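Step one of this worksheet: look at the structure below.
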Amino acid sequence: MTTFIAVLYIIAFSLFIYGLMGLTGPRTAVRGNWIAAVGMAIAVIATLLLPGMGNWWLIALGLVIGTVVGVPAARRVKMTAMPQMVALFNGVGGGAVALIAWVEFRTTDGYAHEPLYVAIASLFAAIVGSVSFWGSNVAFGKLQELLPGKPITLGKAQQPLNILLVLAAVVLAVVIAAGGSSDWLIIGLLIAAALVGVMVVLPIGGADMPVVISLLNAFTGLSAAAMGLALDNTALIVAGMIVGASGSILTNLMAKAMNRSIPAIVAGGFGGGGASGGGG
Amino acid sequence: MLVESLAVLVLAGFVGFTVISKVPNTLHTPLMSGTNAIHGIVLLGGLIVLGLGADGVLNKILLVIAIAFGTINVVGGFLVTDRMLAMFKEKPKEKAAKEADK
């Protein structure tokens, strides 16, 4: 049975890659998107066939809620509101990674009996997933004009504060990897990462947002790949890493097309510099 | 196990780099949206952790939310990409229609 599942996973990856290749060409793009979607359906079915699966009602509940929310959201969104919708979908993906990492932490007593690499990969996934979730939500808020589109900065305090928050998340991760198992440690880590996501995206102007969403998209891919390492699941590793890599390239292409550089966009709001782009 | 996983990780990274080499500017956003849908694969992580046994009410609630989030990412991602691409498909038709009017 597990061999059969592995074969289904391999078919799924092939369809992802073939679909992505299709998405890079104008004539093949529509078909490419659906090929990738079929790959995803196969990957989900294969996972449900794993021996020992249970909690079927809860799984069904999650899938139904996701479908009921996701389908109308995608169908009804106005064409002009597409970018923020992508930001939102990207955000929930990152949020899912962060939540899974949190539960991993809880069910393994803080990775007490797991190899070190599982702890590291899972904590990496938790941090990046949380950054992506909150960063994407801020991007959504800005594009949806729930938040002011122009850069919001704290002036000179911004950069040291961001560095401090990143350090806080990393220190908490080290404490957990070294054996800390209190639930508050991972909650603190998720909150620190959440603040990083909010603080980094807030100073970025609305015009630069698509590039930022693409960057966060690559981040979510990387966090999914890390989660795959922690859960020893090849499908997550392959699909997550493909998105992580292709997303990074795409981010670079998008920045170039707008005559901007990624460091300039991400750092643009730092220190209240006038260079930060566009102002929504 | 770790070495095999890392090998897969590195190779998948190269595939990702190679697939996206030349993309016309107009396809940047749909491609971003398409890759966005693919990382909804995290849904599988939720399925595995919940399906292979998670105890405790809080754990179960968190995982149901995670699965719902993952499903929104997948379903919404592919549908939005399709709608974006449909928008591109209509353009040539409109042009053709305008030219026909002239």
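Ordering of the structure tokens sets the chain letters (A, B, ...), residue numbers begin anew at 1 in every chain, and ligands are numbered from 1 in the order given.
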
Do a neighbour search on B:Thr71 at 7 Å with only C-alpha atoms, toss out local chain neighbours closer than 5 positions, and write the hits as a PyMOL selection string. (chain A and resi 63+66-67) or (chain B and resi 40+43)

Determine, using only C-alpha atoms, which residues of stretch 36-101 of chain B have any atom at most 8 Å from an atom of stretch 241-263 of chain A, and tabulate each with its shortest atom pair and distance in Å to one decimal place, rows ordered by chain and then rising number, as a Markdown table.
```
| residue | atom | partner | partner_atom | distance |
| --- | --- | --- | --- | --- |
| B:Asn36 | CA | A:Val243 | CA | 7.5 |
| B:Ile38 | CA | A:Val243 | CA | 7.1 |
| B:His39 | CA | A:Val243 | CA | 6.4 |
```

Deliver the residues from the most recent selection as a file, using N, CA, C and O atoms, as an mmCIF file, in the first residue's frame.
```
data_model
loop_
_atom_site.group_PDB
_atom_site.id
_atom_site.type_symbol
_atom_site.label_atom_id
_atom_site.label_comp_id
_atom_site.auth_asym_id
_atom_site.auth_seq_id
_atom_site.Cartn_x
_atom_site.Cartn_y
_atom_site.Cartn_z
ATOM 1 N N ASN B 36 1.298 29.549 -5.678
ATOM 2 C CA ASN B 36 0.637 29.764 -4.389
ATOM 3 C C ASN B 36 -0.324 28.605 -4.091
ATOM 4 O O ASN B 36 -0.340 28.066 -2.988
ATOM 5 N N ILE B 38 -0.063 25.621 -5.251
ATOM 6 C CA ILE B 38 0.682 24.368 -5.054
ATOM 7 C C ILE B 38 1.211 24.250 -3.619
ATOM 8 O O ILE B 38 1.223 23.156 -3.060
ATOM 9 N N HIS B 39 1.614 25.384 -3.002
ATOM 10 C CA HIS B 39 2.086 25.209 -1.616
ATOM 11 C C HIS B 39 0.939 24.944 -0.645
ATOM 12 O O HIS B 39 1.176 24.681 0.532
#
```

Using only C-alpha atoms, the best pick from B:Ile41, B:Leu31, B:Val19, B:Ala7 as closest to B:Val74 would be B:Ile41

Considering only C-alpha atoms, can you say which of A:Ile265, A:Met79, A:Leu146, A:Leu15 comes closest to B:Val80?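 The closest residue to B:Val80 is A:Met79.
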
Pick out each residue of chain B that DSSP on the backbone tags as alpha helix (DSSP H); I need them as a PyMOL selection string. chain B and resi 2-19+28-38+42-51+57-101

Between B:Val64, B:Lys22, B:Met32, B:Asp55, which residue has the minimum interatomic distance to B:Gly77, considering only C-alpha atoms?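 Nearest candidate to B:Gly77 out of B:Val64, B:Lys22, B:Met32, B:Asp55: B:Met32.
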
Just want the 10 Å neighbourhood of A:Ala119, counted on only C-alpha atoms, with same-chain residues fewer than 5 positions away dropped. Output as a list of chain:residue names. A:Ala101, A:Glu104, A:Phe105, A:Thr108, A:Gly110, A:Tyr111, A:Ala112, A:His113, A:Glu114, A:Phe124, A:Ala125, A:Ala173, A:Val174, A:Ile176, A:Ala177, A:Ala178, A:Gly179, A:Leu229, A:Ala230

Could the residues in this selection be saved with N, CA and C atoms as a CSV table (one decimal), in the first residue's frame?
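Listed below is the output, selection13.csv:
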```
chain,number,residue,atom,x,y,z
A,101,ALA,N,3.0,23.0,12.9
A,101,ALA,CA,4.2,22.9,13.7
A,101,ALA,C,3.9,23.0,15.2
A,104,GLU,N,2.7,19.7,16.3
A,104,GLU,CA,3.8,18.8,16.4
A,104,GLU,C,4.5,19.0,17.7
A,105,PHE,N,4.8,20.2,18.0
A,105,PHE,CA,5.4,20.5,19.3
A,105,PHE,C,4.7,20.0,20.5
A,108,THR,N,4.6,16.0,20.7
A,108,THR,CA,5.9,15.3,20.9
A,108,THR,C,6.6,15.8,22.2
A,110,GLY,N,7.4,18.8,23.1
A,110,GLY,CA,8.5,19.7,22.7
A,110,GLY,C,9.7,19.0,22.0
A,111,TYR,N,9.3,18.1,21.1
A,111,TYR,CA,10.3,17.3,20.3
A,111,TYR,C,11.2,16.5,21.2
A,112,ALA,N,10.7,16.1,22.4
A,112,ALA,CA,11.6,15.4,23.4
A,112,ALA,C,12.2,14.1,22.8
A,113,HIS,N,11.4,13.4,22.1
A,113,HIS,CA,12.0,12.1,21.6
A,113,HIS,C,12.2,12.1,20.1
A,114,GLU,N,12.3,13.3,19.5
A,114,GLU,CA,12.5,13.4,18.1
A,114,GLU,C,14.0,13.7,17.8
A,124,PHE,N,11.7,26.0,12.2
A,124,PHE,CA,11.9,26.8,11.0
A,124,PHE,C,10.5,27.0,10.3
A,125,ALA,N,9.8,25.9,10.2
A,125,ALA,CA,8.5,26.0,9.5
A,125,ALA,C,7.5,26.9,10.3
A,173,ALA,N,13.5,29.5,19.6
A,173,ALA,CA,13.7,28.2,18.8
A,173,ALA,C,14.9,27.4,19.4
A,174,VAL,N,16.0,28.1,19.7
A,174,VAL,CA,17.2,27.4,20.3
A,174,VAL,C,16.8,26.8,21.6
A,176,ILE,N,13.9,25.8,22.6
A,176,ILE,CA,13.0,24.7,22.4
A,176,ILE,C,13.9,23.5,21.9
A,177,ALA,N,14.8,23.8,21.0
A,177,ALA,CA,15.6,22.7,20.4
A,177,ALA,C,16.5,22.1,21.5
A,178,ALA,N,16.9,22.9,22.5
A,178,ALA,CA,17.8,22.5,23.5
A,178,ALA,C,17.0,21.7,24.6
A,179,GLY,N,15.7,21.6,24.5
A,179,GLY,CA,14.9,20.8,25.4
A,179,GLY,C,13.7,21.4,26.1
A,229,LEU,N,10.2,17.9,5.8
A,229,LEU,CA,11.4,17.3,6.4
A,229,LEU,C,11.0,16.8,7.8
A,230,ALA,N,10.3,17.6,8.6
A,230,ALA,CA,9.9,17.2,9.9
A,230,ALA,C,9.0,16.0,9.9
```

I'd like the neighbourhood of A:Val238 as an mmCIF file with all heavy atoms, in the first residue's frame, where a residue qualifies if any of its atoms comes within 7 Å (using only C-alpha atoms), though same-chain residues fewer than 3 positions away should be ignored.
```cif
data_model
loop_
_atom_site.group_PDB
_atom_site.id
_atom_site.type_symbol
_atom_site.label_atom_id
_atom_site.label_comp_id
_atom_site.auth_asym_id
_atom_site.auth_seq_id
_atom_site.Cartn_x
_atom_site.Cartn_y
_atom_site.Cartn_z
ATOM 1 N N ALA A 225 8.189 22.968 2.735
ATOM 2 C CA ALA A 225 9.269 21.999 2.528
ATOM 3 C C ALA A 225 9.880 21.591 3.865
ATOM 4 O O ALA A 225 10.145 20.404 4.109
ATOM 5 C CB ALA A 225 10.336 22.581 1.602
ATOM 6 N N THR A 234 7.508 13.126 1.513
ATOM 7 C CA THR A 234 8.178 13.572 0.282
ATOM 8 C C THR A 234 7.330 14.579 -0.491
ATOM 9 O O THR A 234 7.884 15.497 -1.108
ATOM 10 C CB THR A 234 8.454 12.373 -0.641
ATOM 11 O OG1 THR A 234 8.580 11.218 0.168
ATOM 12 C CG2 THR A 234 9.720 12.581 -1.410
ATOM 13 N N ALA A 235 6.007 14.387 -0.476
ATOM 14 C CA ALA A 235 5.146 15.290 -1.256
ATOM 15 C C ALA A 235 5.316 16.728 -0.785
ATOM 16 O O ALA A 235 5.455 17.650 -1.593
ATOM 17 C CB ALA A 235 3.686 14.856 -1.131
ATOM 18 N N MET A 241 9.408 22.827 -1.927
ATOM 19 C CA MET A 241 10.687 23.334 -2.400
ATOM 20 C C MET A 241 10.570 23.883 -3.821
ATOM 21 O O MET A 241 11.211 24.879 -4.160
ATOM 22 C CB MET A 241 11.734 22.214 -2.346
ATOM 23 C CG MET A 241 13.147 22.706 -2.485
ATOM 24 S SD MET A 241 13.573 23.865 -1.167
ATOM 25 C CE MET A 241 14.788 24.859 -1.999
ATOM 26 N N ILE A 242 9.752 23.220 -4.659
ATOM 27 C CA ILE A 242 9.561 23.745 -6.019
ATOM 28 C C ILE A 242 8.978 25.157 -5.942
ATOM 29 O O ILE A 242 9.425 26.073 -6.636
ATOM 30 C CB ILE A 242 8.639 22.813 -6.840
ATOM 31 C CG1 ILE A 242 9.368 21.526 -7.180
ATOM 32 C CG2 ILE A 242 8.182 23.502 -8.120
ATOM 33 C CD1 ILE A 242 8.524 20.503 -7.898
ATOM 34 N N VAL B 8 16.324 14.943 -1.945
ATOM 35 C CA VAL B 8 15.070 15.282 -2.634
ATOM 36 C C VAL B 8 14.840 16.784 -2.604
ATOM 37 O O VAL B 8 14.477 17.410 -3.610
ATOM 38 C CB VAL B 8 13.885 14.528 -1.977
ATOM 39 C CG1 VAL B 8 12.566 15.037 -2.516
ATOM 40 C CG2 VAL B 8 14.017 13.033 -2.205
ATOM 41 N N LEU B 9 15.124 17.380 -1.427
ATOM 42 C CA LEU B 9 14.926 18.827 -1.245
ATOM 43 C C LEU B 9 15.764 19.617 -2.244
ATOM 44 O O LEU B 9 15.260 20.513 -2.941
ATOM 45 C CB LEU B 9 15.306 19.202 0.191
ATOM 46 C CG LEU B 9 15.053 20.640 0.633
ATOM 47 C CD1 LEU B 9 13.588 20.828 0.958
ATOM 48 C CD2 LEU B 9 15.897 20.992 1.845
ATOM 49 N N ALA B 12 14.572 19.099 -5.858
ATOM 50 C CA ALA B 12 13.322 19.832 -6.098
ATOM 51 C C ALA B 12 13.602 21.322 -6.255
ATOM 52 O O ALA B 12 12.978 21.999 -7.072
ATOM 53 C CB ALA B 12 12.348 19.590 -4.953
#
```

What gap, in Å, lies between atom CA of A:Leu123 and atom CA of B:Ile72? 23.5 Å

Please, what distance in Å, to one decimal, runs between atom CA of A:Ser132 and atom CA of A:Leu222? 10.5 Å

Any idea what's packed within 12 Å of A:Trp57, counting only C-alpha atoms, ignoring anything in its chain fewer than 5 positions away? Could you give it as a PyMOL selection string? (chain A and resi 62-64) or (chain B and resi 47+50-51+60+64)

Residue contacts of A:Leu167 (10 Å, only C-alpha atoms) excluding same-chain residues fewer than 6 positions away, as a VMD selection string: chain A and resid 161 173 192 to 193

Would you output that residue set with N, CA and C atoms, as a PDB file, in the first residue's frame?
```pdb
ATOM      1  N   LEU A 161      14.324  47.228  15.935  1.00  0.00           N
ATOM      2  CA  LEU A 161      13.194  46.475  16.487  1.00  0.00           C
ATOM      3  C   LEU A 161      12.984  45.178  15.708  1.00  0.00           C
ATOM      4  N   ALA A 173      13.548  29.490  19.564  1.00  0.00           N
ATOM      5  CA  ALA A 173      13.702  28.237  18.821  1.00  0.00           C
ATOM      6  C   ALA A 173      14.865  27.436  19.392  1.00  0.00           C
ATOM      7  N   ALA A 192       6.411  36.261  18.173  1.00  0.00           N
ATOM      8  CA  ALA A 192       7.571  37.042  17.724  1.00  0.00           C
ATOM      9  C   ALA A 192       7.634  37.022  16.197  1.00  0.00           C
ATOM     10  N   ALA A 193       7.434  35.826  15.607  1.00  0.00           N
ATOM     11  CA  ALA A 193       7.470  35.711  14.138  1.00  0.00           C
ATOM     12  C   ALA A 193       6.319  36.502  13.514  1.00  0.00           C
TER      13      ALA A 193
END
```

Could you name the residues that touch B:Thr26 at 12 Å or less, counting only C-alpha atoms, but leaving out those on the same chain fewer than 6 positions away, as an MDAnalysis selection string? (chainID A and resid 23:26 29 253:254 257) or (chainID B and resid 32 84:85 87:89 91)

Output all heavy atoms for every residue in the selection just made, as an mmCIF file, in the first residue's frame.
```cif
data_model
loop_
_atom_site.group_PDB
_atom_site.id
_atom_site.type_symbol
_atom_site.label_atom_id
_atom_site.label_comp_id
_atom_site.auth_asym_id
_atom_site.auth_seq_id
_atom_site.Cartn_x
_atom_site.Cartn_y
_atom_site.Cartn_z
ATOM 1 N N LEU A 23 2.227 26.787 -17.077
ATOM 2 C CA LEU A 23 1.857 28.125 -16.599
ATOM 3 C C LEU A 23 2.818 29.220 -17.068
ATOM 4 O O LEU A 23 2.493 30.402 -16.981
ATOM 5 C CB LEU A 23 1.811 28.134 -15.067
ATOM 6 C CG LEU A 23 0.468 27.795 -14.428
ATOM 7 C CD1 LEU A 23 0.614 27.603 -12.935
ATOM 8 C CD2 LEU A 23 -0.554 28.890 -14.700
ATOM 9 N N THR A 24 3.998 28.836 -17.571
ATOM 10 C CA THR A 24 4.940 29.864 -18.016
ATOM 11 C C THR A 24 4.705 30.284 -19.465
ATOM 12 O O THR A 24 5.381 31.173 -19.960
ATOM 13 C CB THR A 24 6.399 29.391 -17.868
ATOM 14 O OG1 THR A 24 6.559 28.201 -18.643
ATOM 15 C CG2 THR A 24 6.745 29.106 -16.435
ATOM 16 N N GLY A 25 3.763 29.621 -20.151
ATOM 17 C CA GLY A 25 3.487 29.988 -21.541
ATOM 18 C C GLY A 25 2.047 30.431 -21.699
ATOM 19 O O GLY A 25 1.150 29.825 -21.112
ATOM 20 N N PRO A 26 1.792 31.481 -22.487
ATOM 21 C CA PRO A 26 0.432 32.020 -22.601
ATOM 22 C C PRO A 26 -0.583 30.996 -23.129
ATOM 23 O O PRO A 26 -1.725 30.983 -22.687
ATOM 24 C CB PRO A 26 0.571 33.181 -23.585
ATOM 25 C CG PRO A 26 2.011 33.327 -23.872
ATOM 26 C CD PRO A 26 2.761 32.187 -23.300
ATOM 27 N N ALA A 29 -1.153 28.002 -20.395
ATOM 28 C CA ALA A 29 -1.294 28.371 -18.985
ATOM 29 C C ALA A 29 -2.556 27.791 -18.343
ATOM 30 O O ALA A 29 -2.496 27.223 -17.255
ATOM 31 C CB ALA A 29 -1.276 29.892 -18.840
ATOM 32 N N LEU A 253 12.096 38.231 -10.951
ATOM 33 C CA LEU A 253 11.618 38.668 -12.268
ATOM 34 C C LEU A 253 10.628 39.829 -12.123
ATOM 35 O O LEU A 253 10.684 40.808 -12.872
ATOM 36 C CB LEU A 253 10.931 37.513 -12.997
ATOM 37 C CG LEU A 253 11.806 36.397 -13.562
ATOM 38 C CD1 LEU A 253 10.935 35.315 -14.178
ATOM 39 C CD2 LEU A 253 12.762 36.959 -14.601
ATOM 40 N N MET A 254 9.709 39.681 -11.142
ATOM 41 C CA MET A 254 8.691 40.717 -10.948
ATOM 42 C C MET A 254 9.344 42.025 -10.531
ATOM 43 O O MET A 254 8.970 43.102 -11.011
ATOM 44 C CB MET A 254 7.680 40.281 -9.881
ATOM 45 C CG MET A 254 6.724 39.221 -10.355
ATOM 46 S SD MET A 254 5.727 38.589 -9.010
ATOM 47 C CE MET A 254 4.418 39.796 -9.001
ATOM 48 N N ALA A 257 10.959 43.568 -13.530
ATOM 49 C CA ALA A 257 9.973 44.127 -14.457
ATOM 50 C C ALA A 257 9.493 45.496 -13.983
ATOM 51 O O ALA A 257 9.051 46.322 -14.779
ATOM 52 C CB ALA A 257 8.790 43.171 -14.593
ATOM 53 N N MET B 32 2.439 33.329 -10.111
ATOM 54 C CA MET B 32 2.556 33.449 -8.656
ATOM 55 C C MET B 32 1.347 32.792 -8.000
ATOM 56 O O MET B 32 1.481 32.037 -7.035
ATOM 57 C CB MET B 32 2.617 34.927 -8.266
ATOM 58 C CG MET B 32 2.492 35.163 -6.787
ATOM 59 S SD MET B 32 2.737 36.874 -6.373
ATOM 60 C CE MET B 32 1.116 37.543 -6.618
ATOM 61 N N MET B 84 -7.976 34.394 -13.417
ATOM 62 C CA MET B 84 -7.000 35.348 -13.966
ATOM 63 C C MET B 84 -6.666 35.003 -15.408
ATOM 64 O O MET B 84 -6.600 35.876 -16.276
ATOM 65 C CB MET B 84 -5.690 35.255 -13.176
ATOM 66 C CG MET B 84 -5.668 36.004 -11.910
ATOM 67 S SD MET B 84 -4.030 35.757 -11.218
ATOM 68 C CE MET B 84 -4.345 36.296 -9.571
ATOM 69 N N LEU B 85 -6.443 33.715 -15.659
ATOM 70 C CA LEU B 85 -6.045 33.290 -17.003
ATOM 71 C C LEU B 85 -7.194 33.475 -17.986
ATOM 72 O O LEU B 85 -6.976 33.804 -19.148
ATOM 73 C CB LEU B 85 -5.588 31.834 -16.978
ATOM 74 C CG LEU B 85 -4.275 31.624 -16.222
ATOM 75 C CD1 LEU B 85 -4.012 30.148 -16.017
ATOM 76 C CD2 LEU B 85 -3.122 32.256 -16.969
ATOM 77 N N MET B 87 -9.181 35.863 -17.931
ATOM 78 C CA MET B 87 -9.139 37.278 -18.277
ATOM 79 C C MET B 87 -8.179 37.508 -19.451
ATOM 80 O O MET B 87 -8.445 38.290 -20.344
ATOM 81 C CB MET B 87 -8.650 38.033 -17.053
ATOM 82 C CG MET B 87 -8.917 39.485 -17.029
ATOM 83 S SD MET B 87 -8.839 40.087 -15.335
ATOM 84 C CE MET B 87 -7.164 39.785 -14.884
ATOM 85 N N PHE B 88 -7.038 36.786 -19.425
ATOM 86 C CA PHE B 88 -6.077 36.948 -20.516
ATOM 87 C C PHE B 88 -6.626 36.389 -21.818
ATOM 88 O O PHE B 88 -6.350 36.902 -22.884
ATOM 89 C CB PHE B 88 -4.763 36.241 -20.183
ATOM 90 C CG PHE B 88 -3.984 36.948 -19.137
ATOM 91 C CD1 PHE B 88 -3.857 36.414 -17.872
ATOM 92 C CD2 PHE B 88 -3.402 38.171 -19.409
ATOM 93 C CE1 PHE B 88 -3.145 37.082 -16.900
ATOM 94 C CE2 PHE B 88 -2.699 38.844 -18.443
ATOM 95 C CZ PHE B 88 -2.565 38.297 -17.184
ATOM 96 N N LYS B 89 -7.375 35.302 -21.682
ATOM 97 C CA LYS B 89 -7.889 34.659 -22.896
ATOM 98 C C LYS B 89 -8.884 35.552 -23.622
ATOM 99 O O LYS B 89 -8.964 35.549 -24.825
ATOM 100 C CB LYS B 89 -8.566 33.333 -22.532
ATOM 101 C CG LYS B 89 -7.708 32.158 -22.905
ATOM 102 C CD LYS B 89 -8.363 30.794 -22.890
ATOM 103 C CE LYS B 89 -9.641 30.589 -22.209
ATOM 104 N NZ LYS B 89 -10.002 29.179 -22.035
ATOM 105 N N LYS B 91 -8.847 38.750 -23.908
ATOM 106 C CA LYS B 91 -8.266 39.902 -24.580
ATOM 107 C C LYS B 91 -8.172 39.758 -26.105
ATOM 108 O O LYS B 91 -8.648 40.628 -26.822
ATOM 109 C CB LYS B 91 -6.900 40.235 -23.988
ATOM 110 C CG LYS B 91 -7.021 41.204 -22.821
ATOM 111 C CD LYS B 91 -5.664 41.581 -22.274
ATOM 112 C CE LYS B 91 -5.837 42.404 -21.010
ATOM 113 N NZ LYS B 91 -4.589 42.497 -20.269
#
```

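Between A:Phe89 and the residues B:Pro30, B:Gly53, B:Gly16, B:Gly76, the shortest atom-to-atom distance, using only C-alpha atoms, involves B:Gly76.
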
So, counting only C-alpha atoms, which residue among A:Gln144, A:Thr153, A:Gln158, A:Thr107 is closest to chain B? A:Thr107
